[in-house]
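Chemist: The structure is given below, and queries will be raised subsequently.
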Amino acid sequence: MSQETLDRRAAAVIEANKYMTVGTVDADGLPWVTPVYFTPDGHDDFYWASSPDALHSLNIAAAPDVTIAIFDSSVRIGGASAVYFRARAELVPDDELDHCAALYTSRYPELRVYGVKELRPPADLRLYRARATTHWLLVRGGDPDYGTGIDSRRPVWL
């Protein structure tokens, strides 16, 4: 299987899913994961809105390095496709908020459009971005091209 094929498969997983799981750590090094619905901008930037008081948001403020998994949990056992990332998360800077908020809400017709005022203090939500630094694709053990009998991960977008 070519690198181009792996990259295409990873892109398809991102496009097919609305939720990603963000892994953070608190000040004591304890892990926390949370699902968020997201909008990708290519395969490097991922946006979501959260309360700045949510545990994952507090963790990001203290330790911005995160992990991300995107997958479809509704498929049969053994049929999963997934992508994994290491990323650095942050609040979207004020000078980018208008553009990024429009991008974020453009993916979901059912999601109301958030104005910039709704994503700045004293509002309840903020717009976050995770910028991926490393990417992998889950390759199932039974994959017809790369299957080894055991699931593995392959780097993508090198």
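Letters A, B, ... mark the chains of the structure tokens in the order given; residue numbers begin at 1 per chain; ligand numbers begin at 1, in order shown.
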As a list of chain:residue names, list the residues of range 15-65 of chain A assigned to alpha helix (DSSP H) by DSSP on the backbone atoms of this structure.
Modeler: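 The residues of range 15-65 of chain A classed as alpha helix (DSSP H) are A:Glu15, A:Ala16, A:Leu55, A:His56, A:Ser57, A:Leu58, A:Asn59, A:Ile60, A:Ala61, A:Ala62.
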Chemist: With a distance cut-off of 10 Å and only C-alpha atoms, select the neighbouring residues of Asp44 in chain A, excluding the residue or stretch itself and same-chain residues fewer than 2 positions from it, and output the selection as a PDB file with C-alpha atoms, in the first residue's frame.
Modeler:
```
ATOM      1  CA  PRO A  40     -11.208  20.055  10.357  1.00  0.00           C
ATOM      2  CA  ASP A  41      -9.236  22.498   8.293  1.00  0.00           C
ATOM      3  CA  GLY A  42      -7.267  20.074   6.175  1.00  0.00           C
ATOM      4  CA  PHE A  46      -9.153  20.880  14.173  1.00  0.00           C
ATOM      5  CA  PHE A  85      -2.766  12.647  16.315  1.00  0.00           C
ATOM      6  CA  ALA A  87      -1.248  18.012  18.662  1.00  0.00           C
ATOM      7  CA  ARG A 129      -7.874  24.720  17.821  1.00  0.00           C
ATOM      8  CA  ALA A 130      -5.632  21.673  17.923  1.00  0.00           C
ATOM      9  CA  ARG A 131      -2.754  21.804  15.472  1.00  0.00           C
ATOM     10  CA  ALA A 132      -1.546  18.278  14.694  1.00  0.00           C
ATOM     11  CA  THR A 133       2.172  17.590  14.855  1.00  0.00           C
ATOM     12  CA  THR A 134       2.136  13.840  14.141  1.00  0.00           C
ATOM     13  CA  HIS A 135      -0.500  11.714  12.370  1.00  0.00           C
ATOM     14  CA  TRP A 157       1.116  12.966   5.923  1.00  0.00           C
TER      15      TRP A 157
END
```
Chemist: Using only C-alpha atoms, which of A:Asp7, A:Glu15, A:Asp143, A:Glu90 sits nearest Phe71 in chain A?
Modeler: A:Glu15
Chemist: Which value, in Å to one decimal, gives the distance between CA of Gly79 in chain A and CA of Thr67 in chain A?
Modeler: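 We find that CA of Gly79 in chain A and CA of Thr67 in chain A lie 22.3 Å from each other.
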Chemist: Please report, as a PDB file with N, CA and C atoms, in the first residue's frame, each residue of range 77-140 of chain A to which DSSP assigns strand (DSSP E) when run on this structure's backbone.
Modeler:
```pdb
ATOM      1  N   ALA A  82      -9.575   4.467  11.963  1.00  0.00           N
ATOM      2  CA  ALA A  82      -9.284   5.527  12.922  1.00  0.00           C
ATOM      3  C   ALA A  82      -8.037   6.278  12.502  1.00  0.00           C
ATOM      4  N   VAL A  83      -7.967   7.526  12.951  1.00  0.00           N
ATOM      5  CA  VAL A  83      -6.739   8.311  12.846  1.00  0.00           C
ATOM      6  C   VAL A  83      -6.393   8.788  14.246  1.00  0.00           C
ATOM      7  N   TYR A  84      -5.107   8.912  14.479  1.00  0.00           N
ATOM      8  CA  TYR A  84      -4.592   9.372  15.766  1.00  0.00           C
ATOM      9  C   TYR A  84      -3.661  10.552  15.507  1.00  0.00           C
ATOM     10  N   PHE A  85      -3.637  11.478  16.448  1.00  0.00           N
ATOM     11  CA  PHE A  85      -2.766  12.647  16.315  1.00  0.00           C
ATOM     12  C   PHE A  85      -2.116  12.979  17.645  1.00  0.00           C
ATOM     13  N   ARG A  86      -0.940  13.524  17.578  1.00  0.00           N
ATOM     14  CA  ARG A  86      -0.395  14.338  18.648  1.00  0.00           C
ATOM     15  C   ARG A  86      -0.582  15.762  18.162  1.00  0.00           C
ATOM     16  N   ALA A  87      -0.949  16.644  19.077  1.00  0.00           N
ATOM     17  CA  ALA A  87      -1.248  18.012  18.662  1.00  0.00           C
ATOM     18  C   ALA A  87      -0.971  18.985  19.798  1.00  0.00           C
ATOM     19  N   ARG A  88      -0.983  20.237  19.444  1.00  0.00           N
ATOM     20  CA  ARG A  88      -0.873  21.316  20.423  1.00  0.00           C
ATOM     21  C   ARG A  88      -2.172  22.113  20.313  1.00  0.00           C
ATOM     22  N   ALA A  89      -2.860  22.247  21.442  1.00  0.00           N
ATOM     23  CA  ALA A  89      -4.173  22.901  21.458  1.00  0.00           C
ATOM     24  C   ALA A  89      -4.060  24.300  22.052  1.00  0.00           C
ATOM     25  N   GLU A  90      -4.969  25.154  21.632  1.00  0.00           N
ATOM     26  CA  GLU A  90      -4.972  26.533  22.107  1.00  0.00           C
ATOM     27  C   GLU A  90      -6.342  27.153  21.867  1.00  0.00           C
ATOM     28  N   LEU A  91      -6.584  28.249  22.561  1.00  0.00           N
ATOM     29  CA  LEU A  91      -7.703  29.100  22.204  1.00  0.00           C
ATOM     30  C   LEU A  91      -7.381  29.751  20.870  1.00  0.00           C
ATOM     31  N   ARG A 126     -15.724  29.153  24.191  1.00  0.00           N
ATOM     32  CA  ARG A 126     -14.548  29.637  23.474  1.00  0.00           C
ATOM     33  C   ARG A 126     -14.297  28.678  22.319  1.00  0.00           C
ATOM     34  N   LEU A 127     -13.637  29.181  21.295  1.00  0.00           N
ATOM     35  CA  LEU A 127     -13.261  28.345  20.163  1.00  0.00           C
ATOM     36  C   LEU A 127     -11.817  27.900  20.356  1.00  0.00           C
ATOM     37  N   TYR A 128     -11.612  26.584  20.258  1.00  0.00           N
ATOM     38  CA  TYR A 128     -10.299  25.981  20.428  1.00  0.00           C
ATOM     39  C   TYR A 128      -9.817  25.417  19.106  1.00  0.00           C
ATOM     40  N   ARG A 129      -8.499  25.340  18.988  1.00  0.00           N
ATOM     41  CA  ARG A 129      -7.874  24.720  17.821  1.00  0.00           C
ATOM     42  C   ARG A 129      -6.789  23.773  18.311  1.00  0.00           C
ATOM     43  N   ALA A 130      -6.753  22.595  17.720  1.00  0.00           N
ATOM     44  CA  ALA A 130      -5.632  21.673  17.923  1.00  0.00           C
ATOM     45  C   ALA A 130      -4.889  21.614  16.604  1.00  0.00           C
ATOM     46  N   ARG A 131      -3.609  21.850  16.661  1.00  0.00           N
ATOM     47  CA  ARG A 131      -2.754  21.804  15.472  1.00  0.00           C
ATOM     48  C   ARG A 131      -1.916  20.535  15.562  1.00  0.00           C
ATOM     49  N   ALA A 132      -2.207  19.590  14.665  1.00  0.00           N
ATOM     50  CA  ALA A 132      -1.546  18.278  14.694  1.00  0.00           C
ATOM     51  C   ALA A 132      -0.064  18.405  14.363  1.00  0.00           C
ATOM     52  N   THR A 133       0.731  17.630  15.093  1.00  0.00           N
ATOM     53  CA  THR A 133       2.172  17.590  14.855  1.00  0.00           C
ATOM     54  C   THR A 133       2.611  16.232  14.310  1.00  0.00           C
ATOM     55  N   THR A 134       1.857  15.193  14.623  1.00  0.00           N
ATOM     56  CA  THR A 134       2.136  13.840  14.141  1.00  0.00           C
ATOM     57  C   THR A 134       0.812  13.147  13.874  1.00  0.00           C
ATOM     58  N   HIS A 135       0.744  12.366  12.796  1.00  0.00           N
ATOM     59  CA  HIS A 135      -0.500  11.714  12.370  1.00  0.00           C
ATOM     60  C   HIS A 135      -0.261  10.227  12.128  1.00  0.00           C
ATOM     61  N   TRP A 136      -1.248   9.414  12.498  1.00  0.00           N
ATOM     62  CA  TRP A 136      -1.208   7.977  12.197  1.00  0.00           C
ATOM     63  C   TRP A 136      -2.579   7.499  11.743  1.00  0.00           C
ATOM     64  N   LEU A 137      -2.581   6.435  11.002  1.00  0.00           N
ATOM     65  CA  LEU A 137      -3.797   5.743  10.574  1.00  0.00           C
ATOM     66  C   LEU A 137      -3.798   4.357  11.196  1.00  0.00           C
ATOM     67  N   LEU A 138      -4.944   3.946  11.724  1.00  0.00           N
ATOM     68  CA  LEU A 138      -5.115   2.571  12.175  1.00  0.00           C
ATOM     69  C   LEU A 138      -5.205   1.679  10.946  1.00  0.00           C
ATOM     70  N   VAL A 139      -4.387   0.654  10.919  1.00  0.00           N
ATOM     71  CA  VAL A 139      -4.482  -0.371   9.877  1.00  0.00           C
ATOM     72  C   VAL A 139      -4.926  -1.643  10.574  1.00  0.00           C
TER      73      VAL A 139
END
```
Chemist: Taking into account only C-alpha atoms, which residue in the set A:Ala80, A:Ser152, A:Ile68, A:Thr5 is nearest to Val36 in chain A?
Modeler: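 Closest residue, counting only C-alpha atoms: A:Ile68.
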